[in-house]
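Data first, discussion second: the structure below is written as structure tokens.
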Amino acid sequence: MQAVILAAGKGSRFKQATKHKPKCMLSFNGETLIGRMIRQLNQLDLKRIVIVAGYKEEVLTKYLKSIESRVPITILINDQFATSNNIVSVAKASSVLEEDETLLVESDVIIRDELMDVIRDAPTDAAIVSSLDNWMDGTVVTFDDDYQITAFVSRHDQQEALASDYFKTVNIYKLSCHFNRHYFLPYVRQQIRSFGGNDYYETVFGALVALKKGLLRAVVVDAKDWDEVDTLQELRLAEIRLNSNPTEKMKRLSRQYGGYWRFPDIKDYAYLVNPFFPPEKLVQQFQTELPSLLTAYPSGMTVNSELAAEAFDLVPKRIVVGNGASELIQAALKLIPGKIGVIRPTFEEYPNRVAGTQIETMITQQMGFHYTGRDVIHYFSKHPVNCLVLINPDNPSGNYLQKKEVLAICKWAQKLNIRVIVDESFIDFVDAERHPSLLNEDLLKGFPNLIVIKSISKSYGVPGVRLGVLASGHEALVAQIKRVLPIWNINAFGQFFLQKVSSYQLAYNEGLVVFYKVRKRFFRALETIPYMTVLPSQANFFMVQLVGVTSQDLSSYLLESANILIKDLGTKPGIEGEYVRLAVKTDAENQTLIHALRAYDGNTTF
């Protein structure tokens, strides 16, 4: 058997990344794409590897001379690459394809090493295919109960209603001499004569299986075992999906800061959202309005302030809406000079927005990450600041200061002309008292030094719409923040949510009642894990100390064994030792995590 790799294309969607080299020479986890493919093909008993080059062929030729390959490498040139598609590359290799059984491979296909065993054992005249995930694009196939391919369907002809019947081509084919000589290559030549070279060889496969049943079979592999990349972002995502090192994979996933719909197998216990909101009816309303929300401008700052004021029973001049709480954090801290007091460990978005010399830090680990309002006043009385940041409940500890404690801090700070920022992103998850929030007209007017910030994303479970609010009795400061923000700082999806959310307040409150019960059950279950010490929490997560286990090992194990992503707190400022953070989700999801945690022995002595 031999291999023919199609590598003539420029990869124009990679833009500047392929300006000086062909797409197949892009780096993937420390290897070039073509170097990785050649290394993998060397696992097979091949006669030769033939590479059809085109764009920057001189760069590729020079590179191929520098790499080691047990299997001899031959290079063919497609000098028509700029004006044709891959059907011409196939034609350029036709004499080779006629000689031996051939693996036909495209150079931008990335597969796990383990897949080479499947390819070795596959029958001839077969296409490697996988289930069709929602992020995949390109040609698909259908096949019958005997795995005989019945159709090749281009992206333009695919029907959403038939998506469950489609399987994505991996662009690896195992073809016999007989198939190539008598079917494939004659039709390739005829297709080029009739319609020119601006076509794909899959078109020929489609015509052949339509004419003669059973010419090609499907060999199904797992979608998680391969990827095909057409942009630099897709390449970086593939580096995560196909990374064989679970620790490195976890680090790279964490650096994505979300966007996990591209990783459909991932179960996310790292990011913190309400598991019981929004309700299905609200989601359906978004779906109904989708065409309008995509194509219409949202309203400006004035209208959105009015909507937020209505939602939180405030007056518009005391509230501003942000593209997530992070936008408001940045805007507020830019307007507040001097020292900023933070309590660590904390949500690092606050200290990250100011210079390190501006930060005065209160460390709480020696208190078991549990602190009171009196502790805060005592520390910052000795370490003066111009602005004090309180996350309440705190992230990642879940520590909660009762409302009277926060008001006592505000009174103390007001006497010293200290601004107080209270981040209430997790306040709705508090069941320690009935009305914990400071988003109240009378309180804001009574404490003009107080700024309240709230992430709508976390509390209402809609991080995709990017919403947050900032409220203060200091009307001039709110007006100043509105002036520094863009007039269209939130999109139409965010505005639509603000318009609708008040209608769902009852459903929201009912969801919180369920949440409180689920959190208690999850806490009790976590306490049964022998290598864990769980900190009490009033938020929608738990901070956990690990005993005899490293946070990196546990996080890597969960990702590798169960596709579970948790927050490793090992590098978070203000924490020494082994800690992780676990999001509270539904009972079923929590049970999935508990089961995975119990399966981990971690080499503990328990």
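Letters A, B, ... go to the chains of the structure tokens in the order shown; residues in each chain start at 1; ligands are counted from 1 in the same order.
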Within 9 Å of range 211-224 of chain A: each range 118-139 of chain A residue with its shortest pair, only C-alpha atoms, as JSON lines:
```
{"residue": "A:Val118", "atom": "CA", "partner": "A:Val221", "partner_atom": "CA", "distance": 8.1}
{"residue": "A:Ile119", "atom": "CA", "partner": "A:Val219", "partner_atom": "CA", "distance": 8.7}
{"residue": "A:Ala122", "atom": "CA", "partner": "A:Val219", "partner_atom": "CA", "distance": 6.9}
{"residue": "A:Pro123", "atom": "CA", "partner": "A:Arg217", "partner_atom": "CA", "distance": 8.2}
{"residue": "A:Thr124", "atom": "CA", "partner": "A:Arg217", "partner_atom": "CA", "distance": 8.4}
{"residue": "A:Asp125", "atom": "CA", "partner": "A:Leu216", "partner_atom": "CA", "distance": 5.2}
{"residue": "A:Ala126", "atom": "CA", "partner": "A:Arg217", "partner_atom": "CA", "distance": 4.6}
{"residue": "A:Ala127", "atom": "CA", "partner": "A:Ala218", "partner_atom": "CA", "distance": 5.1}
{"residue": "A:Ile128", "atom": "CA", "partner": "A:Val219", "partner_atom": "CA", "distance": 4.9}
{"residue": "A:Val129", "atom": "CA", "partner": "A:Val220", "partner_atom": "CA", "distance": 5.0}
{"residue": "A:Ser130", "atom": "CA", "partner": "A:Val221", "partner_atom": "CA", "distance": 5.0}
{"residue": "A:Ser131", "atom": "CA", "partner": "A:Ala223", "partner_atom": "CA", "distance": 5.9}
{"residue": "A:Leu132", "atom": "CA", "partner": "A:Ala223", "partner_atom": "CA", "distance": 7.4}
{"residue": "A:Asp133", "atom": "CA", "partner": "A:Ala223", "partner_atom": "CA", "distance": 7.4}
```
Residues within 9 Å of range 254-257 of chain A, only C-alpha atoms, excluding chain neighbours under 6 positions, as a PyMOL selection string: chain A and resi 270-271+565+567
Tell me which protein, DNA and RNA residues are within 8 Å of range 336-353 of chain A, counting only C-alpha atoms, leaving out same-chain ones fewer than 6 positions away, and put them as a ChimeraX atom specification. /A:326,329-330,359-364,380,384-391,394-397,572-575
Limited to N, CA, C and O atoms, could you put the picked residues into a file as a short mmCIF file (atom, residue, chain, number, x, y, z; two decimals), in the first residue's frame?
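Result file is out-v8.cif:
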```cif
data_model
loop_
_atom_site.label_atom_id
_atom_site.label_comp_id
_atom_site.auth_asym_id
_atom_site.auth_seq_id
_atom_site.Cartn_x
_atom_site.Cartn_y
_atom_site.Cartn_z
N SER A 326 -17.83 42.83 33.44
CA SER A 326 -16.42 43.17 33.23
C SER A 326 -16.25 44.54 32.59
O SER A 326 -15.31 45.27 32.92
N ILE A 329 -16.77 47.04 35.40
CA ILE A 329 -15.63 47.03 36.34
C ILE A 329 -14.51 47.89 35.79
O ILE A 329 -13.94 48.74 36.50
N GLN A 330 -14.18 47.70 34.54
CA GLN A 330 -13.10 48.47 33.92
C GLN A 330 -13.43 49.95 33.89
O GLN A 330 -12.60 50.80 34.23
N ILE A 359 -2.79 48.33 44.39
CA ILE A 359 -3.57 47.30 45.09
C ILE A 359 -3.09 47.12 46.52
O ILE A 359 -1.91 46.97 46.78
N GLU A 360 -4.03 47.12 47.44
CA GLU A 360 -3.79 46.76 48.83
C GLU A 360 -4.59 45.49 49.11
O GLU A 360 -5.81 45.48 48.95
N THR A 361 -3.89 44.43 49.50
CA THR A 361 -4.53 43.11 49.57
C THR A 361 -4.68 42.60 50.99
O THR A 361 -3.72 42.57 51.76
N MET A 362 -5.88 42.18 51.32
CA MET A 362 -6.16 41.46 52.56
C MET A 362 -6.23 39.98 52.23
O MET A 362 -7.05 39.55 51.42
N ILE A 363 -5.35 39.17 52.83
CA ILE A 363 -5.30 37.73 52.58
C ILE A 363 -6.13 37.01 53.65
O ILE A 363 -6.00 37.30 54.84
N THR A 364 -6.97 36.08 53.21
CA THR A 364 -7.91 35.45 54.14
C THR A 364 -7.64 33.96 54.37
O THR A 364 -8.39 33.31 55.10
N PHE A 380 -8.43 47.25 56.88
CA PHE A 380 -8.28 48.43 56.03
C PHE A 380 -8.23 49.73 56.84
O PHE A 380 -7.91 50.78 56.28
N PRO A 384 -4.81 51.94 54.69
CA PRO A 384 -5.77 52.85 54.07
C PRO A 384 -5.87 52.67 52.56
O PRO A 384 -4.88 52.41 51.87
N VAL A 385 -7.09 52.81 52.03
CA VAL A 385 -7.36 52.73 50.60
C VAL A 385 -8.34 53.83 50.22
O VAL A 385 -9.00 54.42 51.08
N ASN A 386 -8.41 54.11 48.93
CA ASN A 386 -9.38 55.06 48.41
C ASN A 386 -10.68 54.39 47.97
O ASN A 386 -11.73 55.02 47.90
N CYS A 387 -10.56 53.10 47.66
CA CYS A 387 -11.73 52.33 47.22
C CYS A 387 -11.58 50.91 47.71
O CYS A 387 -10.49 50.32 47.64
N LEU A 388 -12.66 50.34 48.23
CA LEU A 388 -12.65 48.98 48.74
C LEU A 388 -13.60 48.12 47.91
O LEU A 388 -14.76 48.49 47.69
N VAL A 389 -13.10 46.97 47.43
CA VAL A 389 -13.90 46.05 46.62
C VAL A 389 -14.32 44.86 47.48
O VAL A 389 -13.48 44.17 48.06
N LEU A 390 -15.63 44.63 47.54
CA LEU A 390 -16.18 43.46 48.23
C LEU A 390 -16.93 42.61 47.22
O LEU A 390 -17.84 43.10 46.54
N ILE A 391 -16.55 41.35 47.09
CA ILE A 391 -17.34 40.40 46.30
C ILE A 391 -18.20 39.65 47.31
O ILE A 391 -17.70 39.00 48.21
N ASP A 394 -18.32 35.88 48.10
CA ASP A 394 -17.00 36.01 47.49
C ASP A 394 -16.73 34.86 46.53
O ASP A 394 -17.25 33.76 46.66
N ASN A 395 -15.89 35.16 45.57
CA ASN A 395 -15.46 34.17 44.57
C ASN A 395 -13.94 34.06 44.64
O ASN A 395 -13.26 35.07 44.44
N PRO A 396 -13.38 32.90 44.98
CA PRO A 396 -13.97 31.57 44.89
C PRO A 396 -14.42 30.95 46.21
O PRO A 396 -14.87 29.80 46.24
N SER A 397 -14.32 31.67 47.33
CA SER A 397 -14.53 31.02 48.63
C SER A 397 -16.00 30.77 48.94
O SER A 397 -16.33 29.85 49.69
N LYS A 572 -4.11 30.67 41.62
CA LYS A 572 -4.87 31.88 41.95
C LYS A 572 -4.20 32.64 43.07
O LYS A 572 -3.88 32.06 44.12
N PRO A 573 -3.95 33.94 42.91
CA PRO A 573 -3.33 34.74 43.97
C PRO A 573 -4.13 34.66 45.27
O PRO A 573 -5.36 34.73 45.27
N GLY A 574 -3.42 34.51 46.37
CA GLY A 574 -4.06 34.45 47.68
C GLY A 574 -4.34 33.05 48.16
O GLY A 574 -4.91 32.86 49.24
N ILE A 575 -3.95 32.04 47.35
CA ILE A 575 -4.19 30.65 47.73
C ILE A 575 -2.87 29.89 47.69
O ILE A 575 -2.14 29.93 46.70
#
```
I'd like to know which residues of range 349-597 of chain A are alpha helix (DSSP H) (by DSSP, run on the backbone); could you write them as a PyMOL selection string? chain A and resi 349-352+373-382+403-415+441-446+456-460+475-484+492-501+505-527+551-562+587-597
From A:Val303, A:Gly196, A:Ser164, A:Gln495, residue lying nearest Gln80 in chain A [only C-alpha atoms]: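 Closest residue, counting only C-alpha atoms: A:Gly196.
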Contacts of Pro72 in chain A at 10 Å or less, counting only C-alpha atoms, minus same-chain residues fewer than 2 places along, as a list in words?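 Selected residues are Asn42, Leu46, Lys47, Arg48, Ile49, Val50, Glu68, Ser69, Arg70 and Thr74 of chain A.
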Kindly save the residues from that selection, with all heavy atoms included, as a PDB file, in the first residue's frame.
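Okay, part.pdb is ready:
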```pdb
ATOM      1  N   ASN A  42       4.140   6.507   8.885  1.00  0.00           N
ATOM      2  CA  ASN A  42       5.286   5.618   9.070  1.00  0.00           C
ATOM      3  C   ASN A  42       4.951   4.428   9.962  1.00  0.00           C
ATOM      4  O   ASN A  42       5.729   3.470  10.037  1.00  0.00           O
ATOM      5  CB  ASN A  42       6.480   6.388   9.623  1.00  0.00           C
ATOM      6  CG  ASN A  42       7.379   6.940   8.528  1.00  0.00           C
ATOM      7  OD1 ASN A  42       8.415   6.362   8.191  1.00  0.00           O
ATOM      8  ND2 ASN A  42       6.984   8.070   7.950  1.00  0.00           N
ATOM      9  N   LEU A  46       4.000   0.841   4.416  1.00  0.00           N
ATOM     10  CA  LEU A  46       3.768   1.515   3.143  1.00  0.00           C
ATOM     11  C   LEU A  46       4.954   1.356   2.203  1.00  0.00           C
ATOM     12  O   LEU A  46       6.118   1.310   2.637  1.00  0.00           O
ATOM     13  CB  LEU A  46       3.513   3.005   3.360  1.00  0.00           C
ATOM     14  CG  LEU A  46       2.268   3.397   4.162  1.00  0.00           C
ATOM     15  CD1 LEU A  46       2.194   4.900   4.322  1.00  0.00           C
ATOM     16  CD2 LEU A  46       1.007   2.857   3.510  1.00  0.00           C
ATOM     17  N   LYS A  47       4.644   1.337   0.924  1.00  0.00           N
ATOM     18  CA  LYS A  47       5.683   1.297  -0.099  1.00  0.00           C
ATOM     19  C   LYS A  47       6.300   2.677  -0.291  1.00  0.00           C
ATOM     20  O   LYS A  47       7.517   2.822  -0.470  1.00  0.00           O
ATOM     21  CB  LYS A  47       5.068   0.804  -1.412  1.00  0.00           C
ATOM     22  CG  LYS A  47       5.998   0.863  -2.604  1.00  0.00           C
ATOM     23  CD  LYS A  47       5.254   0.406  -3.851  1.00  0.00           C
ATOM     24  CE  LYS A  47       6.121   0.564  -5.098  1.00  0.00           C
ATOM     25  NZ  LYS A  47       5.384   0.150  -6.324  1.00  0.00           N
ATOM     26  N   ARG A  48       5.453   3.704  -0.270  1.00  0.00           N
ATOM     27  CA  ARG A  48       5.927   5.082  -0.461  1.00  0.00           C
ATOM     28  C   ARG A  48       4.843   6.059  -0.042  1.00  0.00           C
ATOM     29  O   ARG A  48       3.668   5.693   0.096  1.00  0.00           O
ATOM     30  CB  ARG A  48       6.313   5.328  -1.916  1.00  0.00           C
ATOM     31  CG  ARG A  48       5.159   5.149  -2.893  1.00  0.00           C
ATOM     32  CD  ARG A  48       5.591   5.394  -4.312  1.00  0.00           C
ATOM     33  NE  ARG A  48       4.531   5.018  -5.269  1.00  0.00           N
ATOM     34  CZ  ARG A  48       4.638   5.147  -6.580  1.00  0.00           C
ATOM     35  NH1 ARG A  48       5.751   5.627  -7.114  1.00  0.00           N
ATOM     36  NH2 ARG A  48       3.633   4.786  -7.372  1.00  0.00           N
ATOM     37  N   ILE A  49       5.261   7.303   0.137  1.00  0.00           N
ATOM     38  CA  ILE A  49       4.347   8.423   0.394  1.00  0.00           C
ATOM     39  C   ILE A  49       4.531   9.421  -0.731  1.00  0.00           C
ATOM     40  O   ILE A  49       5.646   9.905  -0.975  1.00  0.00           O
ATOM     41  CB  ILE A  49       4.630   9.092   1.748  1.00  0.00           C
ATOM     42  CG1 ILE A  49       4.412   8.102   2.901  1.00  0.00           C
ATOM     43  CG2 ILE A  49       3.760  10.333   1.927  1.00  0.00           C
ATOM     44  CD1 ILE A  49       4.846   8.642   4.248  1.00  0.00           C
ATOM     45  N   VAL A  50       3.460   9.721  -1.445  1.00  0.00           N
ATOM     46  CA  VAL A  50       3.495  10.671  -2.554  1.00  0.00           C
ATOM     47  C   VAL A  50       2.737  11.917  -2.135  1.00  0.00           C
ATOM     48  O   VAL A  50       1.576  11.830  -1.719  1.00  0.00           O
ATOM     49  CB  VAL A  50       2.874  10.060  -3.823  1.00  0.00           C
ATOM     50  CG1 VAL A  50       2.897  11.078  -4.964  1.00  0.00           C
ATOM     51  CG2 VAL A  50       3.616   8.792  -4.221  1.00  0.00           C
ATOM     52  N   GLU A  68      12.732  13.170   9.011  1.00  0.00           N
ATOM     53  CA  GLU A  68      13.011  11.742   8.928  1.00  0.00           C
ATOM     54  C   GLU A  68      11.743  10.980   8.567  1.00  0.00           C
ATOM     55  O   GLU A  68      10.673  11.239   9.105  1.00  0.00           O
ATOM     56  CB  GLU A  68      13.556  11.224  10.265  1.00  0.00           C
ATOM     57  CG  GLU A  68      14.906  11.798  10.653  1.00  0.00           C
ATOM     58  CD  GLU A  68      15.432  11.196  11.947  1.00  0.00           C
ATOM     59  OE1 GLU A  68      14.779  10.274  12.475  1.00  0.00           O
ATOM     60  OE2 GLU A  68      16.479  11.656  12.426  1.00  0.00           O
ATOM     61  N   SER A  69      11.909  10.026   7.655  1.00  0.00           N
ATOM     62  CA  SER A  69      10.790   9.162   7.281  1.00  0.00           C
ATOM     63  C   SER A  69      11.338   7.816   6.844  1.00  0.00           C
ATOM     64  O   SER A  69      12.181   7.737   5.938  1.00  0.00           O
ATOM     65  CB  SER A  69       9.978   9.789   6.139  1.00  0.00           C
ATOM     66  OG  SER A  69       8.960   8.900   5.704  1.00  0.00           O
ATOM     67  N   ARG A  70      10.886   6.779   7.500  1.00  0.00           N
ATOM     68  CA  ARG A  70      11.286   5.426   7.114  1.00  0.00           C
ATOM     69  C   ARG A  70      10.753   5.079   5.730  1.00  0.00           C
ATOM     70  O   ARG A  70      11.386   4.346   4.969  1.00  0.00           O
ATOM     71  CB  ARG A  70      10.761   4.430   8.156  1.00  0.00           C
ATOM     72  CG  ARG A  70      11.104   2.972   7.882  1.00  0.00           C
ATOM     73  CD  ARG A  70      10.547   2.071   8.976  1.00  0.00           C
ATOM     74  NE  ARG A  70       9.108   2.231   9.139  1.00  0.00           N
ATOM     75  CZ  ARG A  70       8.193   1.647   8.350  1.00  0.00           C
ATOM     76  NH1 ARG A  70       8.584   0.902   7.332  1.00  0.00           N
ATOM     77  NH2 ARG A  70       6.912   1.828   8.576  1.00  0.00           N
ATOM     78  N   THR A  74       7.937  10.931  -2.224  1.00  0.00           N
ATOM     79  CA  THR A  74       8.012  11.462  -3.579  1.00  0.00           C
ATOM     80  C   THR A  74       7.114  12.689  -3.674  1.00  0.00           C
ATOM     81  O   THR A  74       6.028  12.714  -3.087  1.00  0.00           O
ATOM     82  CB  THR A  74       7.548  10.413  -4.605  1.00  0.00           C
ATOM     83  OG1 THR A  74       8.367   9.241  -4.481  1.00  0.00           O
ATOM     84  CG2 THR A  74       7.646  10.956  -6.020  1.00  0.00           C
TER      85      THR A  74
END
```
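The smallest atom-to-atom distance between Tyr187 in chain A and any of A:Glu527, A:Pro278, A:Thr295, A:Ala91, using only C-alpha atoms, is found for A:Ala91.
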Which of A:Leu6, A:Ala507, A:Leu526, A:Val105 sits closest to Ile75 in chain A [using only C-alpha atoms]: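 Residue with the minimum atom-to-atom distance to Ile75 in chain A: A:Leu6.
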All strand (DSSP E or B) positions in range 230-400 of chain A, as number ranges by chain: A: 267-268, 319-322, 340-344, 359-363, 387-391
Report as a tab-separated table the residues of range 247-358 of chain A within 8 Å of range 466-487 of chain A, each with its shortest atom pair and distance in Å (one decimal), using only C-alpha atoms, ordered by chain and increasing residue number.
```
residue	atom	partner	partner_atom	distance
A:Gly300	CA	A:Ile487	CA	5.2
A:Met301	CA	A:Ile487	CA	5.3
A:Ala308	CA	A:Val469	CA	7.5
A:Lys317	CA	A:Glu475	CA	6.3
A:Arg318	CA	A:Ser472	CA	5.4
A:Ile319	CA	A:Ala471	CA	4.3
A:Val320	CA	A:Leu470	CA	5.3
A:Val321	CA	A:Val469	CA	4.6
A:Gly322	CA	A:Gly468	CA	5.0
A:Asn323	CA	A:Leu467	CA	5.1
A:Gly324	CA	A:Leu467	CA	4.0
A:Ala325	CA	A:Gly468	CA	4.3
A:Ser326	CA	A:Gly468	CA	7.8
A:Leu328	CA	A:Leu470	CA	6.6
A:Ala331	CA	A:Ile481	CA	6.2
A:Ala332	CA	A:Ile481	CA	6.7
```
Which of A:Phe312, A:Glu578, A:Phe523, A:Asn180 sits closest to Val547 in chain A [using only C-alpha atoms]: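 Ranked by minimum distance to Val547 in chain A, first place goes to A:Glu578.
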For a quick check of understanding, using only C-alpha atoms, which of A:Gly30, A:Pro530, A:Gly373, A:Gly464 has the smallest distance to Phe497 in chain A? A:Gly464
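Among A:Ser244, A:Thr142, A:Gln505, A:Asn590, the residue with the shortest atom-to-atom distance to Glu560 in chain A, counting only C-alpha atoms, is A:Ser244.
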